[in-house]
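J.: The structure is given below, and queries will be raised subsequently.
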Amino acid sequence: MKRTALALLSAAIFAVIAVPASAQNFPTKPISLIVPWPAGGSTDIAMRAIAEAASKHLGQPVVVDNRAGGSGTVGPAQMAATAKPDGYTIAQIPITIFRLPLMQKTTWDADKDFTYIAHLTGYTFGVTVRADSEFKTWADVVKFAKANPGKVTYATPGSGTSLHIGMEQIAARDGIKVTQVPFKGGAETNAAVLGGHTMLQVESSGWKALVDSGQLRLLMIWTANPSPNYPNVPTLRQLGYPFVFDSPFGIAGPKGMDPKIVATIHDAFKKAVDDPQVKATLAKYDMVVNYKNTADYVKFVKEVTETESKVVDMLGLKKKD
Amino acid sequence: MKSSGLRINNAELWGGAIWFAISLFVLEQGRRLGLGTVNAPGMGFMMFWLGIVMAALSLGIAVQAIKHEGPSVRALWTDTRWVKTLIVVVTFGLYGYAFISLGFLLSTIPLMLVLLRAIDPVRWSIAIPLAFGAPILVWWVLERLLQIQLPTGIFEIG
Amino acid sequence: MDLLGQVANGFAVALTPVNLLYCFIGVFIGTLVGVLPGIGPISAMSLLLPVTLSGTPESGIIMMAGIYYGSMYGGSTTSILVNIPGEATSVVTCLDGHQMAKQGRAGPALGIAAFGSFIAGTAAVVGLMVIAPFLAGFAVAFGPAEMFSLMILGLVIVTFLTQGSMLKSLLMASAGVVLGLIGLDSITAQPRLTFDRIELYDGIGLVPVVMGLFGVAEVLTNIEQGVKRTITNTKISNLLPNKEDWQRSAGPIGRGTVLGFFLGIIPGGGAVIAAFASYALEKRISKTPERFGKGAIEGVAGPEAANNSAAGGAFIPLLTLGIPPNVVMALLLGAFVIHNIQPGPLLMVQRPDLFWGVITSMYIGNVMLLVLNLPLIGMWVQLLRLPYNILFPMILLFTVIGVFASSNNVFDLYVMLAFGLIGYLTRKLGYEAAPLVLAFVLGAIMENKLRTALIISAGDLTTFFKKPISAICLAIAAIMLLMPLIPQLRRKREAVALEDGNN
């Protein structure tokens, strides 16, 4: 079933061979937007809302294609390897695209293999437990972890995601040992913590509906300021950690895209994130628009790569070669 | 039928041997990808163990083949029209080769003609309209109605 | 009762003329994309998602449900007529459905698939209304260890149900898992078994594999054997299932419905396993298991019912927890979100009209489908009257289109040809393709779950036996693996003894 979903995407890939791409009347057929997370997580929902708004401005549907795995890198990596730079295949670029190459051998080069289009928004990350958990506050978790090193399991949407790196930074500061269990995205981590398979879930706000309905308890959030939706939940800073993690993301296509096509897509997505309906959807998941234009995005990529390199090195996760 | 014995011309035995070779390959690939540790299994973990399982299964098949005498390789193809099968396979392979360079219509129409005439010849009066009509209809549905683009080839027909 | 009132309200929403029109369009498009292999419901639904937004959320979702159901049915049509499954859930339908068609009973096969789907769909809707709130925990009870064990059970079931040597089936299943692992690893994003071919980074596509193993292999085998079994020679009698067919099918439909409903709740490969499991169950409890694989109508009725009620069960985690268990549910969830409706546990309380509108629309979709497709059965059956020397080239054209439309990649044409050859050769040696296909679909998920389960348990392999659900799955699997060995051993011993006596 998943594979049939590839149909459209690949249709876009190959069509270039059939018909020479023309920047003037772009787009003439549906655009496939790879979302490297399983359907139903917060990123997926946000991207679907943005894609829908963008397709109004492009005059062609923007079809979301979920290709989860590899901490959100499998989708963009496949795009970089196989898609034509005709604008009919673009992908959401999570921060792991810049971070994973620092940690291990990868198939892509974040500097060279993508045409960055626009930076869109960031996440609200939070740590949740099941409502009946013995952990009432974050301090309970730390206490338990000190007594039982490595026994605390936490579900993340993948190794090397900001959730994983963030959690390890927090653990390093407290001198505790916790075990990461990498899943493929929010829908899976929700199920893991609800089913009691892991003790904690560390994820962006896909847990919101479950927290609101009282099935999960939110222990802390990782944004700079408290969330207006959860004013009583402490931020990392309020708990005394000098961290803020929000893992911003944007969109990109394969390398070598026509600047005119890039501009067309950029404009449509810029309008999309300004759309009040999109803003409302984003707000539901505590996401804030964090728009950067094409040039600023490219600059941002360089900066992020440098800061990430330091963090990864500090945690001892740096690629050895 | 002989009750047992090792005969080289035993299709089942060959089947087992080919599978055994494949399983060794899988096993080796798994080992190369890294087994990891049992509390953090690596990329090749599952492949390695699958390779071992497959190797055991294929040995089992080979043993059964020796014990219970399978059909000979030749027997599988006697009294069959394997030439026709071969023609279809080869035509299909060539078709894949020509698909992009000639385009959908220019490659599919000849394919249909060959298939219609090679399997059990269809009368030309039916074969020709069908070989032209079916691909053109399909082309029209895909390209025009569903907007799925098919290769046009070097002559840009279609 | 409040519940009944809400259901009635749901029907009131679903039965407005404009919604009926949307439903008809959805079912019609669905049938079309289902019959055209390669173009699945997901691509059709994704494409039409924006269109649905012009109307009310209810209309949009009713149309979506129609596409889904329509394509499910369309998929079984090609399975039965030309042995090409539209997607993984209709692979099982090939086994007996196509045999029935060869015997000139394509009409009853298509008919029972439609009725079975309809009955199961209806039952699933009722199940959803009555027990959905109690089952929320069931979906999340399946953690990585449980899902791994369930998939192992699924694979054992399918090797158990295939004819011929169990060793061969297990080997095909193992090979299927390996094929499923090709591509970028789901945890580390590293390429595996790709041999530096970028086409393989995506993994091998299901469509070319299935079309090759079933469609192309079928044609190659038939060409070689000549005109031994043409359908034209058989008189095609009644178009609809007769009384005997109904008697045989009633049980399988009932059991398939229950099985599918529960397996459908589980995220991952639930619906696919449901279809296979139903087939295995029917074969197991049948008094005449030898008829299976040779055109037993039970083998069509059970799995078709199972995969339809699985679709109903799949709504449970979505509507009660906001966790979509498959891509189709996720698309529906997307439709909710774009209309600014919060999916998840609060939906039922906050928007009961929409919640029940969606559920009743599934039912309406099924009714529409039945009405639309029954008259078409006669037309589909006519197709089989084509002489085989015209039919076979047309089937090959059909597979080419299907593969190309699904990926627009010539590489996949070669993959299909390769699997056609593999299917042809393995058939000759008595290896069945079905275990390979199921294992191929489940392979990557299974591996991911195995690794995650081991991380959670800190490398403790006994975790698979300590967790009750997992332990039960593995125990059933072990019994199934060992059971056939015993009589087989006995028979073998007897056979040897007999030979010795003759000497």
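Starting from 1 in every chain, residues are counted up; chains themselves are A, B, ... following the order of the structure tokens, and ligands are numbered from 1 as listed.
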Find the spatial neighbours of Arg32 of chain B, counting only C-alpha atoms, within a cut-off of 12 Å - ignore same-chain residues fewer than 2 positions away - and output them as a list in words.

T.: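 In the requested format, the answer is Phe25, Val26, Leu27, Glu28, Gln29, Gly30, Gly34, Leu35, Gly36, Gly42, Met43, Gly44, Phe45, Met47 and Phe48 of chain B; Arg192 and Leu193 of chain C.
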
J.: If you run DSSP over the backbone, which residues in chain B end up helix (DSSP H, G or I)? Put them as JSON, numbers by chain.

T.: {"B": [11, 12, 13, 14, 15, 16, 17, 18, 19, 20, 21, 22, 23, 24, 25, 26, 27, 28, 29, 30, 31, 32, 33, 45, 46, 47, 48, 49, 50, 51, 52, 53, 54, 55, 56, 57, 58, 59, 60, 61, 62, 63, 64, 65, 66, 67, 68, 73, 74, 75, 76, 77, 82, 83, 84, 85, 86, 87, 88, 89, 90, 91, 92, 93, 94, 95, 96, 97, 98, 99, 100, 101, 102, 104, 105, 106, 107, 108, 109, 110, 111, 112, 113, 114, 115, 116, 117, 118, 124, 125, 126, 127, 128, 129, 130, 131, 132, 133, 134, 135, 136, 137, 138, 139, 140, 141, 142, 143, 144, 145]}

J.: Write the residues of the selection above to a file with C-alpha atoms, as an mmCIF file, in the first residue's frame.

T.:
```
data_model
loop_
_atom_site.group_PDB
_atom_site.id
_atom_site.type_symbol
_atom_site.label_atom_id
_atom_site.label_comp_id
_atom_site.auth_asym_id
_atom_site.auth_seq_id
_atom_site.Cartn_x
_atom_site.Cartn_y
_atom_site.Cartn_z
ATOM 1 C CA ALA B 11 15.836 -30.106 -10.818
ATOM 2 C CA GLU B 12 14.966 -30.078 -7.119
ATOM 3 C CA LEU B 13 18.606 -30.467 -6.208
ATOM 4 C CA TRP B 14 19.535 -27.590 -8.452
ATOM 5 C CA GLY B 15 16.797 -25.520 -6.879
ATOM 6 C CA GLY B 16 18.228 -26.213 -3.439
ATOM 7 C CA ALA B 17 21.745 -25.419 -4.619
ATOM 8 C CA ILE B 18 20.731 -22.089 -6.135
ATOM 9 C CA TRP B 19 18.862 -21.124 -2.995
ATOM 10 C CA PHE B 20 21.871 -22.126 -0.912
ATOM 11 C CA ALA B 21 24.084 -19.830 -2.955
ATOM 12 C CA ILE B 22 21.570 -17.015 -2.517
ATOM 13 C CA SER B 23 21.426 -17.555 1.225
ATOM 14 C CA LEU B 24 25.202 -17.421 1.515
ATOM 15 C CA PHE B 25 25.094 -14.148 -0.362
ATOM 16 C CA VAL B 26 22.432 -12.745 1.979
ATOM 17 C CA LEU B 27 24.394 -13.932 4.998
ATOM 18 C CA GLU B 28 27.558 -12.273 3.778
ATOM 19 C CA GLN B 29 25.747 -9.016 2.947
ATOM 20 C CA GLY B 30 24.249 -9.022 6.425
ATOM 21 C CA ARG B 31 27.670 -9.529 7.977
ATOM 22 C CA ARG B 32 29.109 -6.667 5.937
ATOM 23 C CA LEU B 33 26.314 -4.280 6.881
ATOM 24 C CA PHE B 45 21.303 -8.180 11.968
ATOM 25 C CA MET B 46 18.103 -9.465 10.462
ATOM 26 C CA MET B 47 19.689 -10.199 7.101
ATOM 27 C CA PHE B 48 22.452 -12.259 8.668
ATOM 28 C CA TRP B 49 20.026 -14.451 10.604
ATOM 29 C CA LEU B 50 17.703 -14.743 7.641
ATOM 30 C CA GLY B 51 20.671 -15.920 5.602
ATOM 31 C CA ILE B 52 21.298 -18.666 8.140
ATOM 32 C CA VAL B 53 17.631 -19.692 8.133
ATOM 33 C CA MET B 54 17.576 -19.721 4.336
ATOM 34 C CA ALA B 55 20.743 -21.762 4.180
ATOM 35 C CA ALA B 56 19.232 -24.347 6.507
ATOM 36 C CA LEU B 57 16.000 -24.466 4.495
ATOM 37 C CA SER B 58 17.785 -24.835 1.185
ATOM 38 C CA LEU B 59 19.932 -27.626 2.580
ATOM 39 C CA GLY B 60 16.736 -29.285 3.704
ATOM 40 C CA ILE B 61 15.370 -29.044 0.167
ATOM 41 C CA ALA B 62 18.582 -30.454 -1.258
ATOM 42 C CA VAL B 63 18.472 -33.378 1.166
ATOM 43 C CA GLN B 64 14.865 -34.088 0.251
ATOM 44 C CA ALA B 65 15.795 -33.897 -3.417
ATOM 45 C CA ILE B 66 18.502 -36.520 -2.974
ATOM 46 C CA LYS B 67 16.234 -38.770 -0.950
ATOM 47 C CA HIS B 68 13.142 -38.458 -3.091
ATOM 48 C CA VAL B 73 15.693 -30.476 -15.423
ATOM 49 C CA ARG B 74 14.964 -31.657 -18.937
ATOM 50 C CA ALA B 75 11.642 -33.207 -17.928
ATOM 51 C CA LEU B 76 10.362 -29.821 -16.857
ATOM 52 C CA TRP B 77 10.563 -28.543 -20.404
ATOM 53 C CA TRP B 82 9.264 -23.322 -24.438
ATOM 54 C CA VAL B 83 10.331 -21.638 -27.666
ATOM 55 C CA LYS B 84 7.219 -19.472 -27.524
ATOM 56 C CA THR B 85 7.909 -18.556 -23.917
ATOM 57 C CA LEU B 86 11.445 -17.655 -24.851
ATOM 58 C CA ILE B 87 10.224 -15.472 -27.716
ATOM 59 C CA VAL B 88 7.900 -13.593 -25.375
ATOM 60 C CA VAL B 89 10.639 -13.072 -22.785
ATOM 61 C CA VAL B 90 13.171 -11.834 -25.326
ATOM 62 C CA THR B 91 10.621 -9.566 -27.003
ATOM 63 C CA PHE B 92 9.742 -8.131 -23.644
ATOM 64 C CA GLY B 93 13.378 -7.485 -22.791
ATOM 65 C CA LEU B 94 13.900 -5.672 -26.100
ATOM 66 C CA TYR B 95 10.728 -3.745 -25.463
ATOM 67 C CA GLY B 96 12.051 -2.421 -22.162
ATOM 68 C CA TYR B 97 15.184 -1.383 -23.994
ATOM 69 C CA ALA B 98 13.277 0.463 -26.724
ATOM 70 C CA PHE B 99 10.616 1.926 -24.459
ATOM 71 C CA ILE B 100 12.368 5.168 -23.576
ATOM 72 C CA SER B 101 14.248 5.745 -26.796
ATOM 73 C CA LEU B 102 11.356 5.058 -29.165
ATOM 74 C CA PHE B 104 5.449 4.446 -25.773
ATOM 75 C CA LEU B 105 3.516 4.216 -29.022
ATOM 76 C CA LEU B 106 6.405 3.342 -31.338
ATOM 77 C CA SER B 107 7.567 0.550 -29.047
ATOM 78 C CA THR B 108 4.238 -0.812 -27.858
ATOM 79 C CA ILE B 109 2.598 -1.204 -31.264
ATOM 80 C CA PRO B 110 5.376 -3.512 -32.575
ATOM 81 C CA LEU B 111 5.354 -5.367 -29.240
ATOM 82 C CA MET B 112 1.664 -6.083 -29.599
ATOM 83 C CA LEU B 113 2.138 -7.164 -33.222
ATOM 84 C CA VAL B 114 4.875 -9.615 -32.253
ATOM 85 C CA LEU B 115 2.916 -10.982 -29.301
ATOM 86 C CA LEU B 116 -0.281 -11.363 -31.300
ATOM 87 C CA ARG B 117 1.520 -13.189 -34.085
ATOM 88 C CA ALA B 118 4.067 -15.173 -32.071
ATOM 89 C CA TRP B 124 -3.699 -10.177 -39.531
ATOM 90 C CA SER B 125 -7.094 -8.597 -40.040
ATOM 91 C CA ILE B 126 -7.603 -8.691 -36.273
ATOM 92 C CA ALA B 127 -3.991 -8.388 -35.158
ATOM 93 C CA ILE B 128 -3.251 -5.117 -36.940
ATOM 94 C CA PRO B 129 -6.248 -3.089 -35.726
ATOM 95 C CA LEU B 130 -5.741 -4.458 -32.223
ATOM 96 C CA ALA B 131 -2.002 -3.779 -32.145
ATOM 97 C CA PHE B 132 -2.618 -0.190 -33.154
ATOM 98 C CA GLY B 133 -5.923 0.397 -31.428
ATOM 99 C CA ALA B 134 -5.173 -0.883 -27.906
ATOM 100 C CA PRO B 135 -1.962 1.104 -27.295
ATOM 101 C CA ILE B 136 -3.490 4.258 -28.763
ATOM 102 C CA LEU B 137 -6.535 3.901 -26.532
ATOM 103 C CA VAL B 138 -4.353 3.300 -23.484
ATOM 104 C CA TRP B 139 -2.175 6.233 -24.443
ATOM 105 C CA TRP B 140 -5.210 8.450 -24.728
ATOM 106 C CA VAL B 141 -6.615 7.379 -21.345
ATOM 107 C CA LEU B 142 -3.329 7.806 -19.493
ATOM 108 C CA GLU B 143 -1.987 10.856 -21.192
ATOM 109 C CA ARG B 144 -5.182 12.789 -21.663
ATOM 110 C CA LEU B 145 -7.559 11.677 -18.931
#
```

J.: With a distance cut-off of 9 Å and only C-alpha atoms, select the neighbouring residues of Leu32 of chain C, excluding the residue or stretch itself and same-chain residues fewer than 4 positions from it, and output the selection as a list in words.

T.: Val27, Phe28, Leu36, Gly70, Ser71 and Gly74 of chain C

J.: Select residues of chain C: the criterion is any atom within 6 Å of an atom of chain B, counting only C-alpha atoms; output as an MDAnalysis selection string.

T.: chainID C and resid 171 220 224:225 389 393 451 454:455 458:459

J.: Write out as a count of residues only the residues lying within 12 Å of Met314 of chain A, counting only C-alpha atoms and excluding same-chain residues fewer than 6 positions away.

T.: 8

J.: In Å, how far is it from atom CA of Gly256 of chain C to atom CA of Gly104 of chain C?

T.: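 Distance between the two atoms: 25.1 Å.
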
J.: Taking the chain letters and numbering used in this document, name the residues of chain B that DSSP puts in strand (DSSP E or B), as a ChimeraX atom specification.

T.: /B:10,36-37,40-41,72

J.: Quick one: residues within 7 Å of Ala155 of chain A, only C-alpha atoms counted, chain neighbours fewer than 6 positions away excluded, as an NGL selection string?

T.: :A and (180-183 or 189 or 198 or 200-202)

J.: Smallest atom-to-atom distance to Leu421 of chain C: which of C:Leu482, C:Leu167, C:Val219, C:Ile253, using only C-alpha atoms?

T.: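 Using only C-alpha atoms, the shortest distance to Leu421 of chain C belongs to C:Val219.
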